[in-house]
$ cat final.txt   # compact mmCIF, C-alpha atoms and all ligand atoms
# COMPACT_ATOMS: atom_id res chain seq x y z
CA MET A 16 93.60 -96.01 -98.05
CA ASP A 17 92.96 -98.43 -95.16
CA THR A 18 96.21 -99.78 -93.83
CA LEU A 19 94.47 -102.60 -91.97
CA GLU A 20 91.35 -104.17 -93.41
CA PRO A 21 88.85 -105.48 -90.86
CA GLY A 22 88.36 -108.63 -92.95
CA ASP A 23 85.19 -110.64 -93.32
CA PRO A 24 84.07 -111.96 -89.90
CA THR A 25 82.69 -115.25 -91.26
CA THR A 26 85.88 -116.02 -93.16
CA LEU A 27 88.09 -115.05 -90.23
CA ALA A 28 86.02 -117.21 -87.87
CA GLU A 29 86.21 -120.23 -90.19
CA ASP A 30 89.93 -119.81 -90.60
CA LEU A 31 90.45 -119.54 -86.83
CA ALA A 32 88.25 -122.61 -86.22
CA SER A 33 90.40 -124.64 -88.69
CA ARG A 34 93.61 -123.52 -87.02
CA PHE A 35 92.17 -124.34 -83.61
CA ALA A 36 91.25 -127.85 -84.77
CA ALA A 37 94.73 -128.36 -86.28
CA GLU A 38 96.47 -127.16 -83.10
CA HIS A 39 94.27 -128.84 -80.49
CA GLY A 40 93.10 -131.95 -82.35
CA ARG A 41 89.42 -131.24 -81.72
CA GLN A 42 86.77 -128.77 -82.83
CA ALA A 43 86.24 -125.44 -81.08
CA THR A 44 82.88 -125.16 -79.33
CA GLY A 45 82.46 -121.79 -80.99
CA VAL A 46 84.14 -118.65 -82.29
CA PHE A 47 83.31 -115.35 -80.59
CA THR A 48 84.14 -111.80 -81.59
CA ALA A 49 84.30 -108.38 -79.98
CA PRO A 50 85.10 -105.07 -81.71
CA GLY A 51 87.64 -102.30 -81.22
CA ARG A 52 86.22 -98.81 -80.93
CA VAL A 53 86.72 -95.14 -81.46
CA ASN A 54 85.32 -92.82 -78.86
CA LEU A 55 83.69 -89.94 -80.74
CA ILE A 56 83.79 -87.74 -77.64
CA GLY A 57 83.72 -87.97 -73.83
CA GLU A 58 87.33 -88.72 -72.96
CA HIS A 59 88.67 -89.49 -69.49
CA VAL A 60 85.24 -89.02 -68.01
CA ASP A 61 84.09 -92.65 -67.68
CA TYR A 62 85.82 -93.13 -64.33
CA ASN A 63 84.26 -89.85 -63.19
CA GLY A 64 80.71 -91.06 -63.84
CA GLY A 65 80.48 -88.96 -67.02
CA LEU A 66 79.07 -89.37 -70.52
CA CYS A 67 80.87 -90.97 -73.47
CA LEU A 68 79.92 -91.49 -77.11
CA PRO A 69 81.89 -94.44 -78.49
CA MET A 70 81.32 -96.36 -81.70
CA ALA A 71 82.27 -100.00 -82.40
CA LEU A 72 84.68 -100.55 -85.29
CA PRO A 73 84.43 -103.34 -87.87
CA HIS A 74 87.97 -104.22 -86.76
CA ALA A 75 87.49 -106.95 -84.17
CA THR A 76 89.17 -109.67 -82.13
CA TYR A 77 88.19 -113.33 -82.51
CA ALA A 78 88.39 -116.12 -79.91
CA ALA A 79 87.96 -119.82 -80.68
CA VAL A 80 87.19 -121.65 -77.45
CA ALA A 81 86.68 -125.26 -76.34
CA PRO A 82 86.49 -126.87 -72.88
CA ARG A 83 89.15 -129.31 -71.68
CA ASP A 84 88.83 -132.48 -69.63
CA ASP A 85 91.25 -131.13 -67.02
CA ASP A 86 91.47 -127.83 -65.14
CA THR A 87 94.08 -126.22 -67.39
CA VAL A 88 93.55 -122.95 -69.25
CA THR A 89 95.66 -122.28 -72.36
CA VAL A 90 95.66 -119.16 -74.50
CA SER A 91 97.50 -118.61 -77.77
CA SER A 92 97.34 -115.92 -80.41
CA ARG A 93 98.07 -115.69 -84.11
CA GLN A 94 99.70 -112.31 -83.43
CA GLU A 95 101.99 -113.34 -80.56
CA ASP A 96 104.79 -115.87 -80.18
CA ASP A 97 104.20 -116.49 -76.50
CA GLY A 98 101.07 -117.92 -74.94
CA PHE A 99 99.88 -118.99 -71.51
CA SER A 100 99.08 -122.23 -69.74
CA GLY A 101 98.01 -122.50 -66.12
CA ARG A 102 95.56 -124.24 -63.83
CA LEU A 103 92.21 -122.64 -63.10
CA GLY A 104 92.85 -122.47 -59.37
CA ASP A 105 96.23 -120.80 -59.87
CA LEU A 106 94.97 -117.95 -62.07
CA GLY A 107 95.30 -114.54 -60.50
CA PRO A 108 96.93 -111.11 -60.59
CA ASP A 109 100.34 -112.54 -59.65
CA THR A 110 100.41 -115.50 -62.02
CA ILE A 111 99.57 -114.03 -65.43
CA THR A 112 101.76 -111.49 -67.21
CA GLY A 113 101.98 -109.86 -70.63
CA TRP A 114 99.19 -109.99 -73.21
CA PRO A 115 97.59 -113.14 -71.66
CA SER A 116 96.59 -110.95 -68.68
CA TYR A 117 93.75 -109.68 -70.84
CA ALA A 118 92.61 -113.20 -71.78
CA ALA A 119 93.35 -115.58 -68.88
CA GLY A 120 92.74 -112.62 -66.54
CA VAL A 121 89.12 -112.57 -67.67
CA VAL A 122 88.72 -116.28 -66.83
CA TRP A 123 90.05 -115.48 -63.37
CA ALA A 124 87.74 -112.47 -62.93
CA MET A 125 84.68 -114.41 -64.11
CA ARG A 126 85.42 -117.19 -61.62
CA GLU A 127 85.85 -114.55 -58.90
CA ALA A 128 82.36 -113.31 -59.84
CA GLY A 129 80.94 -116.80 -59.33
CA TRP A 130 81.01 -118.26 -62.84
CA GLN A 131 81.49 -122.04 -62.92
CA LEU A 132 84.03 -122.39 -65.70
CA PRO A 133 85.83 -125.49 -66.95
CA GLY A 134 89.46 -125.69 -68.07
CA MET A 135 89.62 -124.43 -71.63
CA ASP A 136 91.74 -123.82 -74.70
CA VAL A 137 91.47 -120.35 -76.25
CA MET A 138 92.95 -119.28 -79.59
CA ILE A 139 92.94 -115.60 -80.60
CA ASP A 140 93.11 -113.74 -83.89
CA SER A 141 92.77 -109.95 -84.04
CA ARG A 142 92.21 -107.27 -86.65
CA VAL A 143 92.24 -104.43 -84.12
CA PRO A 144 95.50 -102.51 -84.54
CA LEU A 145 97.53 -103.22 -81.39
CA GLY A 146 98.54 -100.32 -79.16
CA ALA A 147 96.75 -97.82 -81.41
CA GLY A 148 94.32 -96.59 -78.75
CA LEU A 149 91.49 -98.41 -80.54
CA SER A 150 90.79 -100.70 -77.62
CA SER A 151 92.47 -103.91 -78.69
CA SER A 152 92.65 -104.87 -74.99
CA ALA A 153 88.91 -104.67 -74.37
CA ALA A 154 88.18 -106.45 -77.65
CA LEU A 155 90.39 -109.31 -76.50
CA GLU A 156 88.84 -109.42 -73.03
CA CYS A 157 85.28 -109.33 -74.32
CA ALA A 158 85.81 -111.99 -77.02
CA VAL A 159 87.25 -114.33 -74.36
CA ALA A 160 84.45 -113.46 -71.94
CA LEU A 161 81.78 -114.41 -74.49
CA GLY A 162 83.56 -117.68 -75.21
CA ALA A 163 83.88 -118.53 -71.52
CA ALA A 164 80.21 -117.62 -70.94
CA ALA A 165 79.22 -119.99 -73.75
CA LEU A 166 81.16 -122.82 -72.09
CA ALA A 167 79.13 -122.16 -68.95
CA GLU A 168 76.02 -122.38 -71.17
CA VAL A 169 74.71 -119.02 -69.98
CA ASP A 170 72.50 -116.95 -72.30
CA LEU A 171 73.62 -113.41 -72.92
CA ASP A 172 70.95 -110.98 -71.80
CA ASP A 173 71.83 -107.38 -70.93
CA GLU A 174 72.36 -108.21 -67.28
CA VAL A 175 74.82 -110.98 -68.11
CA ARG A 176 76.61 -108.67 -70.54
CA SER A 177 76.89 -106.02 -67.80
CA GLY A 178 78.42 -108.63 -65.51
CA LEU A 179 80.93 -109.48 -68.22
CA VAL A 180 81.82 -105.77 -68.56
CA ARG A 181 82.64 -105.74 -64.85
CA ALA A 182 84.71 -108.94 -65.05
CA CYS A 183 86.69 -107.58 -68.01
CA MET A 184 87.31 -104.31 -66.16
CA ARG A 185 88.54 -106.25 -63.16
CA ALA A 186 90.92 -108.29 -65.31
CA GLU A 187 92.29 -105.14 -66.91
CA SER A 188 92.68 -103.29 -63.64
CA GLU A 189 93.88 -106.05 -61.31
CA VAL A 190 95.69 -108.45 -63.64
CA ALA A 191 96.94 -106.19 -66.46
CA GLY A 192 97.47 -103.20 -64.13
CA ALA A 193 95.52 -100.62 -66.15
CA PRO A 194 92.82 -99.07 -63.94
CA THR A 195 90.54 -98.13 -66.82
CA GLY A 196 86.98 -96.91 -66.57
CA GLY A 197 84.63 -99.27 -68.46
CA LEU A 198 84.03 -97.29 -71.64
CA ASP A 199 85.84 -99.75 -73.90
CA GLN A 200 84.29 -102.95 -72.53
CA THR A 201 80.80 -101.44 -72.62
CA ILE A 202 80.96 -100.43 -76.28
CA ALA A 203 82.49 -103.81 -77.15
CA LEU A 204 79.64 -105.70 -75.49
CA PHE A 205 76.76 -103.29 -76.22
CA GLY A 206 77.70 -101.62 -79.55
CA GLN A 207 75.45 -101.96 -82.58
CA ALA A 208 76.14 -101.35 -86.26
CA GLU A 209 75.16 -97.94 -87.71
CA ALA A 210 75.07 -96.28 -84.31
CA ALA A 211 77.19 -94.67 -81.66
CA LEU A 212 76.43 -95.49 -78.04
CA LEU A 213 75.65 -92.73 -75.58
CA LEU A 214 76.92 -94.19 -72.36
CA ASP A 215 76.16 -92.74 -68.95
CA CYS A 216 78.92 -94.03 -66.71
CA ARG A 217 77.14 -93.01 -63.51
CA ASP A 218 74.32 -95.54 -63.87
CA TRP A 219 75.70 -97.41 -66.91
CA SER A 220 72.56 -96.74 -68.93
CA THR A 221 73.01 -96.64 -72.71
CA ARG A 222 71.21 -95.16 -75.70
CA GLN A 223 71.96 -95.82 -79.36
CA VAL A 224 72.56 -92.57 -81.29
CA PRO A 225 72.44 -92.75 -85.10
CA TRP A 226 75.89 -92.07 -86.56
CA ASP A 227 75.78 -91.63 -90.31
CA PRO A 228 78.28 -88.99 -91.46
CA ALA A 229 78.16 -90.53 -94.96
CA SER A 230 74.65 -89.06 -95.32
CA ALA A 231 76.36 -85.63 -95.19
CA ASP A 232 79.21 -86.76 -97.49
CA LEU A 233 81.56 -87.00 -94.55
CA ALA A 234 83.86 -89.75 -93.32
CA LEU A 235 85.59 -90.41 -90.02
CA LEU A 236 89.30 -90.75 -90.64
CA VAL A 237 91.35 -92.51 -87.96
CA VAL A 238 95.04 -91.59 -87.75
CA ASP A 239 97.11 -94.09 -85.79
CA THR A 240 100.11 -92.04 -84.70
CA ARG A 241 102.09 -95.21 -83.99
CA ALA A 242 103.44 -93.31 -80.99
CA SER A 243 103.78 -95.59 -77.99
CA HIS A 244 100.67 -95.83 -75.89
CA SER A 245 100.27 -97.68 -72.61
CA LEU A 246 97.58 -97.36 -69.98
CA SER A 247 99.56 -99.23 -67.36
CA ASP A 248 102.65 -97.02 -67.11
CA GLY A 249 101.35 -94.51 -64.58
CA GLY A 250 100.13 -91.54 -66.66
CA TYR A 251 96.57 -92.83 -66.86
CA ALA A 252 96.47 -93.88 -63.19
CA SER A 253 97.80 -90.51 -62.03
CA ARG A 254 95.05 -88.63 -63.94
CA ARG A 255 92.49 -90.90 -62.35
CA ALA A 256 94.03 -90.37 -58.90
CA ASP A 257 93.88 -86.56 -59.37
CA CYS A 258 90.16 -86.84 -60.12
CA GLU A 259 89.49 -89.07 -57.13
CA ARG A 260 91.39 -86.68 -54.87
CA ALA A 261 89.38 -83.75 -56.19
CA ALA A 262 86.08 -85.60 -55.73
CA ALA A 263 87.02 -86.35 -52.11
CA GLU A 264 87.98 -82.69 -51.56
CA LEU A 265 84.65 -81.59 -53.02
CA GLY A 266 82.71 -84.10 -50.93
CA VAL A 267 81.24 -86.07 -53.84
CA GLU A 268 81.64 -89.69 -54.88
CA LEU A 269 82.19 -88.83 -58.55
CA LEU A 270 83.06 -85.51 -60.23
CA ARG A 271 79.86 -85.92 -62.29
CA ASP A 272 77.95 -85.40 -59.04
CA VAL A 273 78.95 -81.72 -58.80
CA PRO A 274 75.85 -79.84 -60.06
CA ALA A 275 76.40 -77.44 -62.97
CA ALA A 276 75.55 -74.45 -60.79
CA ASP A 277 78.26 -75.36 -58.29
CA GLN A 278 81.05 -76.11 -60.73
CA ALA A 279 82.62 -72.64 -60.94
CA GLY A 280 82.77 -72.43 -57.16
CA ALA A 281 84.13 -75.97 -56.91
CA LEU A 282 86.94 -75.16 -59.34
CA ALA A 283 87.82 -71.93 -57.56
CA GLY A 284 88.01 -73.80 -54.26
CA LEU A 285 90.50 -76.45 -55.41
CA ALA A 286 93.90 -75.66 -53.96
CA ASP A 287 96.10 -77.42 -56.49
CA GLU A 288 96.34 -75.70 -59.90
CA GLN A 289 97.00 -78.94 -61.79
CA VAL A 290 94.07 -80.71 -60.15
CA ARG A 291 91.89 -77.70 -60.99
CA ARG A 292 92.75 -78.07 -64.68
CA ARG A 293 92.05 -81.81 -64.59
CA VAL A 294 88.63 -81.19 -63.05
CA ARG A 295 87.88 -78.39 -65.53
CA HIS A 296 88.47 -80.86 -68.34
CA VAL A 297 86.07 -83.34 -66.77
CA PHE A 298 83.30 -80.77 -66.24
CA THR A 299 83.61 -79.26 -69.73
CA GLU A 300 84.04 -82.59 -71.52
CA ILE A 301 80.82 -83.99 -70.05
CA ASP A 302 78.99 -80.87 -71.31
CA ARG A 303 80.58 -81.33 -74.74
CA VAL A 304 79.16 -84.85 -75.00
CA THR A 305 75.65 -83.51 -74.45
CA GLU A 306 76.31 -80.81 -77.05
CA ALA A 307 77.74 -83.32 -79.51
CA VAL A 308 74.69 -85.58 -79.26
CA ALA A 309 72.39 -82.60 -79.92
CA GLN A 310 74.55 -81.52 -82.87
CA LEU A 311 74.50 -85.04 -84.28
CA GLU A 312 70.76 -85.33 -83.89
CA ALA A 313 70.36 -81.99 -85.67
CA GLY A 314 72.71 -83.15 -88.44
CA ASP A 315 74.99 -80.18 -87.68
CA PHE A 316 78.37 -81.72 -88.44
CA GLU A 317 80.10 -78.31 -88.72
CA ALA A 318 79.24 -77.69 -85.07
CA LEU A 319 80.27 -81.22 -84.16
CA GLY A 320 83.66 -80.57 -85.74
CA ARG A 321 84.11 -77.50 -83.54
CA THR A 322 83.15 -79.56 -80.49
CA PHE A 323 85.80 -82.15 -81.43
CA LEU A 324 88.39 -79.38 -81.54
CA ALA A 325 87.36 -77.98 -78.16
CA SER A 326 87.64 -81.48 -76.71
CA HIS A 327 91.13 -81.91 -78.11
CA ALA A 328 92.28 -78.56 -76.74
CA SER A 329 90.98 -79.48 -73.30
CA LEU A 330 92.71 -82.89 -73.36
CA ARG A 331 95.92 -81.24 -74.55
CA ASP A 332 96.02 -78.25 -72.22
CA ASP A 333 93.99 -79.15 -69.13
CA TYR A 334 94.25 -82.92 -68.95
CA GLU A 335 97.70 -83.15 -70.58
CA VAL A 336 97.20 -86.55 -72.20
CA SER A 337 97.97 -85.55 -75.78
CA CYS A 338 101.40 -85.70 -77.43
CA GLU A 339 103.16 -84.02 -80.33
CA GLU A 340 102.10 -86.66 -82.86
CA LEU A 341 98.43 -86.31 -81.86
CA ASP A 342 98.59 -82.50 -81.96
CA VAL A 343 100.25 -82.49 -85.39
CA SER A 344 97.64 -84.97 -86.66
CA VAL A 345 94.76 -82.80 -85.44
CA ASP A 346 96.21 -79.48 -86.64
CA THR A 347 97.23 -80.87 -90.03
CA ALA A 348 93.90 -82.58 -90.61
CA VAL A 349 92.02 -79.37 -89.92
CA GLY A 350 94.44 -77.37 -92.07
CA ALA A 351 93.78 -79.79 -94.94
CA GLY A 352 89.98 -79.57 -94.76
CA ALA A 353 88.69 -81.62 -91.79
CA LEU A 354 85.68 -80.10 -90.01
CA GLY A 355 87.20 -81.08 -86.70
CA ALA A 356 89.58 -83.57 -85.15
CA ARG A 357 90.63 -84.83 -81.75
CA MET A 358 92.60 -87.50 -80.00
CA THR A 359 90.53 -90.57 -79.13
CA GLY A 360 90.98 -93.01 -76.26
CA GLY A 361 93.41 -92.76 -73.41
CA GLY A 362 96.02 -90.62 -75.22
CA PHE A 363 99.80 -90.47 -74.68
CA GLY A 364 100.00 -91.67 -78.31
CA GLY A 365 97.40 -93.89 -79.92
CA SER A 366 94.99 -92.46 -82.47
CA ALA A 367 93.29 -89.24 -83.53
CA ILE A 368 89.98 -89.02 -85.39
CA ALA A 369 89.06 -86.40 -87.99
CA LEU A 370 85.67 -85.59 -89.49
CA VAL A 371 86.46 -85.12 -93.16
CA PRO A 372 84.46 -84.41 -96.35
CA THR A 373 84.47 -87.69 -98.26
CA ASP A 374 86.17 -86.15 -101.26
CA ALA A 375 88.98 -84.76 -99.05
CA VAL A 376 89.86 -88.01 -97.25
CA ASP A 377 92.85 -88.74 -99.47
CA ALA A 378 94.10 -85.14 -99.27
CA VAL A 379 93.81 -85.05 -95.47
CA GLY A 380 95.48 -88.45 -95.09
CA GLY A 381 98.22 -87.34 -97.48
CA ALA A 382 98.77 -84.07 -95.62
CA VAL A 383 99.11 -85.87 -92.27
CA THR A 384 101.49 -88.43 -93.79
CA ALA A 385 103.58 -85.58 -95.26
CA ALA A 386 103.63 -83.75 -91.92
CA TYR A 387 104.98 -86.90 -90.26
CA ALA A 388 107.62 -87.36 -92.99
CA GLU A 389 108.78 -83.75 -92.56
CA ARG A 390 109.43 -84.44 -88.90
CA GLY A 391 111.19 -87.73 -89.57
CA TRP A 392 108.42 -89.75 -87.90
CA PRO A 393 107.29 -93.16 -89.19
CA ALA A 394 104.21 -92.90 -91.42
CA PRO A 395 100.88 -92.96 -89.53
CA GLY A 396 98.34 -95.75 -90.02
CA LEU A 397 95.16 -94.50 -91.71
CA LEU A 398 91.70 -95.97 -91.89
CA THR A 399 88.20 -94.68 -92.46
CA ALA A 400 85.96 -95.88 -89.67
CA THR A 401 82.44 -97.09 -90.24
CA PRO A 402 80.39 -98.37 -87.30
CA GLY A 403 80.77 -102.10 -86.70
CA ALA A 404 78.68 -104.60 -84.77
CA GLY A 405 79.04 -105.42 -81.08
CA ALA A 406 80.36 -108.63 -79.52
CA ARG A 407 78.66 -111.83 -80.64
CA ARG A 408 79.01 -115.52 -81.42
CA LEU A 409 79.94 -116.23 -85.03
CA ARG A 410 79.73 -120.02 -85.19
C1 LIG A 501 91.04 -95.76 -72.19
C2 LIG A 501 90.32 -96.43 -71.03
F1 LIG A 501 90.36 -97.78 -71.18
C3 LIG A 501 88.87 -95.97 -70.94
O1 LIG A 501 88.30 -96.51 -69.78
C4 LIG A 501 88.76 -94.44 -70.94
O2 LIG A 501 89.11 -93.90 -69.70
C5 LIG A 501 89.61 -93.85 -72.07
O3 LIG A 501 90.94 -94.34 -72.05
C6 LIG A 501 89.67 -92.35 -72.00
O4 LIG A 501 88.41 -91.83 -72.25
O5 LIG A 501 90.51 -96.17 -73.41

$ encode --input "final.txt" --output "structure tokens" --more "lines below"
Ligand code: GAF
Amino acid sequence: MDTLEPGDPTTLAEDLASRFAAEHGRQATGVFTAPGRVNLIGEHVDYNGGLCLPMALPHATYAAVAPRDDDTVTVSSRQEDDGFSGRLGDLGPDTITGWPSYAAGVVWAMREAGWQLPGMDVMIDSRVPLGAGLSSSAALECAVALGAAALAEVDLDDEVRSGLVRACMRAESEVAGAPTGGLDQTIALFGQAEAALLLDCRDWSTRQVPWDPASADLALLVVDTRASHSLSDGGYASRRADCERAAAELGVELLRDVPAADQAGALAGLADEQVRRRVRHVFTEIDRVTEAVAQLEAGDFEALGRTFLASHASLRDDYEVSCEELDVSVDTAVGAGALGARMTGGGFGGSAIALVPTDAVDAVGGAVTAAYAERGWPAPGLLTATPGAGARRLR
């Protein structure tokens, strides 16, 4: 039922290396990869210092990279007609536009952070569905970051990876104009196969949490609504601004810093009704992540399904980042046998996830596809998500 196969990483890397050699007339130094993700739960809380539980997908982005003799940076992609070429010293928020912001922008941000980088040629291939809310942007940034780090001959320990997370966030925020919160880059650079990553965005500590729904005859179905999804068109930034305003009003740096015992009073004290609902989502969503981890560790997938649904309702009603396609996907999936479902990622389109008995995956996918057809919407993309590996060098 997968509409986009992740492909075999070794084969994809070899193919990209051959194309790089044909295009540039020399061998790539290496091919690097970083995965897309689904966030199981913990949405719109990363920039509030909250908890998230993402999982890396086997669908990944690949970057073939080689240094140049001059100070030029070029990027090209097998998925895009246009590319980018510019001099290292000219890279910056005002000089890179479009998709190359996420690639050349990272080279700029790494240099800003003190990395000594040469001019370079970068060629991209991606199996992460674009614009589907599965973090194709962070996968691109992180694959390029690993390639650039290799050209600087720096080994990748956890501290270096954390620095790369920050550089990728800076590229996304300052060059691409999407002030995102770090969830996507962290799972791309720290994810591991067979596990979800419990990420504490206050101190950026991480813990691997086993994620094996197949052991309970369950699968995670991803429904790509194909509804337009952009994190740089204002909706995302305005939610973030509401949270920052509320934190200032409450006298804390991050909404996570409001102790549980003070949260009811804090909510009651917020003057603006919309801001109050945004903050209620943040408080309750962080609690749901803790609950979800306990449910997972107890193997209680029925309870986890209910937690998914509560998360979706909160994102729909309090945070207002869902859309009709996401709501129909969630409701239809549950009506057709899913234990629970929710939007994943930034919202405003993108994808939903559903926890589905393995033998009902086709029926649930079929029901969602039929619901879309009834409304005259283009068919959704469907894939069953298994945990993939984190970012790494392939050759
Ligand atoms: C997007 C952002 F990139 C993340 O930082 C996060 O805020 C997410 O939306 C919502 O949880 O993926």

$ closest_residue --input "final.txt" --among "A:Asp346, A:Asp287, A:Asp315, A:Asp61" --to "ligand LIG 501 (chain A)" --atoms "all atoms listed in the file"
A:Asp61

$ residues_near_ligand --input "final.txt" --ligand "ligand LIG 501 (chain A)" --cutoff "7 Å" --atoms "only C-alpha atoms and all ligand atoms" --output "ChimeraX atom specification"
/A:57-62,148,150,195-199,360-361

$ closest_atom_pairs --input "final.txt" --of "range 26-111 of chain A" --to "range 302-313 of chain A" --cutoff "9 Å" --atoms "all atoms listed in the file" --output "JSON lines"
{"residue": "A:Leu55", "atom": "CA", "partner": "A:Val304", "partner_atom": "CA", "distance": 8.9}
{"residue": "A:Ile56", "atom": "CA", "partner": "A:Val304", "partner_atom": "CA", "distance": 6.1}
{"residue": "A:Gly57", "atom": "CA", "partner": "A:Val304", "partner_atom": "CA", "distance": 5.6}
{"residue": "A:Leu66", "atom": "CA", "partner": "A:Val304", "partner_atom": "CA", "distance": 6.4}
{"residue": "A:Cys67", "atom": "CA", "partner": "A:Val304", "partner_atom": "CA", "distance": 6.5}
{"residue": "A:Leu68", "atom": "CA", "partner": "A:Val304", "partner_atom": "CA", "distance": 7.0}

$ atom_distance --input "final.txt" --atom1 "CA of Ala79 in chain A" --atom2 "CA of Ser141 in chain A"
11.5 Å

$ residues_around --input "final.txt" --residues "Gly350 in chain A" --least-positions-apart "2" --cutoff "12 Å" --atoms "all atoms listed in the file" --output "number ranges by chain"
A: 343-348, 352-356, 369, 371, 375, 378-383, 386

$ residues_around --input "final.txt" --residues "Ser329 in chain A" --least-positions-apart "3" --cutoff "9 Å" --atoms "only C-alpha atoms" --output "CSV table (one decimal) with C-alpha atoms, in the coordinates of the input"
chain,number,residue,atom,x,y,z
A,292,ARG,CA,92.8,-78.1,-64.7
A,295,ARG,CA,87.9,-78.4,-65.5
A,296,HIS,CA,88.5,-80.9,-68.3
A,299,THR,CA,83.6,-79.3,-69.7
A,300,GLU,CA,84.0,-82.6,-71.5
A,324,LEU,CA,88.4,-79.4,-81.5
A,325,ALA,CA,87.4,-78.0,-78.2
A,326,SER,CA,87.6,-81.5,-76.7
A,332,ASP,CA,96.0,-78.2,-72.2
A,333,ASP,CA,94.0,-79.2,-69.1
A,334,TYR,CA,94.2,-82.9,-69.0
A,335,GLU,CA,97.7,-83.2,-70.6

$ residues_around --input "final.txt" --residues "range 234-238 of chain A" --least-positions-apart "2" --cutoff "10 Å" --atoms "all atoms listed in the file" --output "ChimeraX atom specification"
/A:17,53,55,147,149,227-232,240-241,340-341,344-345,348,353,356-359,365-377,379-380,383-384,394-402

$ closest_residue --input "final.txt" --among "A:Asn63, A:Ser253, A:Thr322, A:Asn54" --to "Asp218 in chain A" --atoms "all atoms listed in the file"
A:Asn63

$ atom_distance --input "final.txt" --atom1 "CA of Asp272 in chain A" --atom2 "CA of Arg181 in chain A"
21.7 Å

$ residues_around --input "final.txt" --residues "Glu189 in chain A" --least-positions-apart "3" --cutoff "12 Å" --atoms "only C-alpha atoms" --output "PDB file with C-alpha atoms, in the frame of the given file"
ATOM      1  CA  LEU A 106      94.970-117.950 -62.070  1.00  0.00           C
ATOM      2  CA  GLY A 107      95.300-114.540 -60.500  1.00  0.00           C
ATOM      3  CA  PRO A 108      96.930-111.110 -60.590  1.00  0.00           C
ATOM      4  CA  ASP A 109     100.340-112.540 -59.650  1.00  0.00           C
ATOM      5  CA  THR A 110     100.410-115.500 -62.020  1.00  0.00           C
ATOM      6  CA  ILE A 111      99.570-114.030 -65.430  1.00  0.00           C
ATOM      7  CA  THR A 112     101.760-111.490 -67.210  1.00  0.00           C
ATOM      8  CA  SER A 116      96.590-110.950 -68.680  1.00  0.00           C
ATOM      9  CA  TYR A 117      93.750-109.680 -70.840  1.00  0.00           C
ATOM     10  CA  GLY A 120      92.740-112.620 -66.540  1.00  0.00           C
ATOM     11  CA  VAL A 121      89.120-112.570 -67.670  1.00  0.00           C
ATOM     12  CA  TRP A 123      90.050-115.480 -63.370  1.00  0.00           C
ATOM     13  CA  ALA A 124      87.740-112.470 -62.930  1.00  0.00           C
ATOM     14  CA  GLU A 127      85.850-114.550 -58.900  1.00  0.00           C
ATOM     15  CA  ARG A 181      82.640-105.740 -64.850  1.00  0.00           C
ATOM     16  CA  ALA A 182      84.710-108.940 -65.050  1.00  0.00           C
ATOM     17  CA  CYS A 183      86.690-107.580 -68.010  1.00  0.00           C
ATOM     18  CA  MET A 184      87.310-104.310 -66.160  1.00  0.00           C
ATOM     19  CA  ARG A 185      88.540-106.250 -63.160  1.00  0.00           C
ATOM     20  CA  ALA A 186      90.920-108.290 -65.310  1.00  0.00           C
ATOM     21  CA  GLY A 192      97.470-103.200 -64.130  1.00  0.00           C
ATOM     22  CA  ALA A 193      95.520-100.620 -66.150  1.00  0.00           C
ATOM     23  CA  PRO A 194      92.820 -99.070 -63.940  1.00  0.00           C
ATOM     24  CA  THR A 195      90.540 -98.130 -66.820  1.00  0.00           C
ATOM     25  CA  SER A 247      99.560 -99.230 -67.360  1.00  0.00           C
TER      26      SER A 247
END

$ closest_residue --input "final.txt" --among "A:Asp136, A:Asp342, A:Glu187, A:Glu264" --to "Gly284 in chain A" --atoms "only C-alpha atoms"
A:Glu264

$ atom_distance --input "final.txt" --atom1 "CA of Ser245 in chain A" --atom2 "CA of Val190 in chain A"
14.7 Å

$ closest_atom_pairs --input "final.txt" --of "range 217-306 of chain A" --to "range 69-75 of chain A" --cutoff "10 Å" --atoms "all atoms listed in the file" --output "CSV"
residue,atom,partner,partner_atom,distance
A:Gln223,CA,A:Met70,CA,9.7
A:Val224,CA,A:Met70,CA,9.6
A:Trp226,CA,A:Met70,CA,8.5

$ closest_residue --input "final.txt" --among "A:Ala242, A:Leu132, A:Ile139, A:Ala203" --to "Asp84 in chain A" --atoms "only C-alpha atoms"
A:Leu132

$ closest_residue --input "final.txt" --among "A:Val159, A:Ala164, A:Val349, A:Pro144" --to "Arg321 in chain A" --atoms "all atoms listed in the file"
A:Val349

$ residues_around --input "final.txt" --residues "Asp215 in chain A" --least-positions-apart "4" --cutoff "8 Å" --atoms "all atoms listed in the file" --output "ChimeraX atom specification"
/A:64-67,219-221

$ closest_residue --input "final.txt" --among "A:Ala167, A:Gly250, A:Pro225, A:Arg408" --to "Ala210 in chain A" --atoms "all atoms listed in the file"
A:Pro225
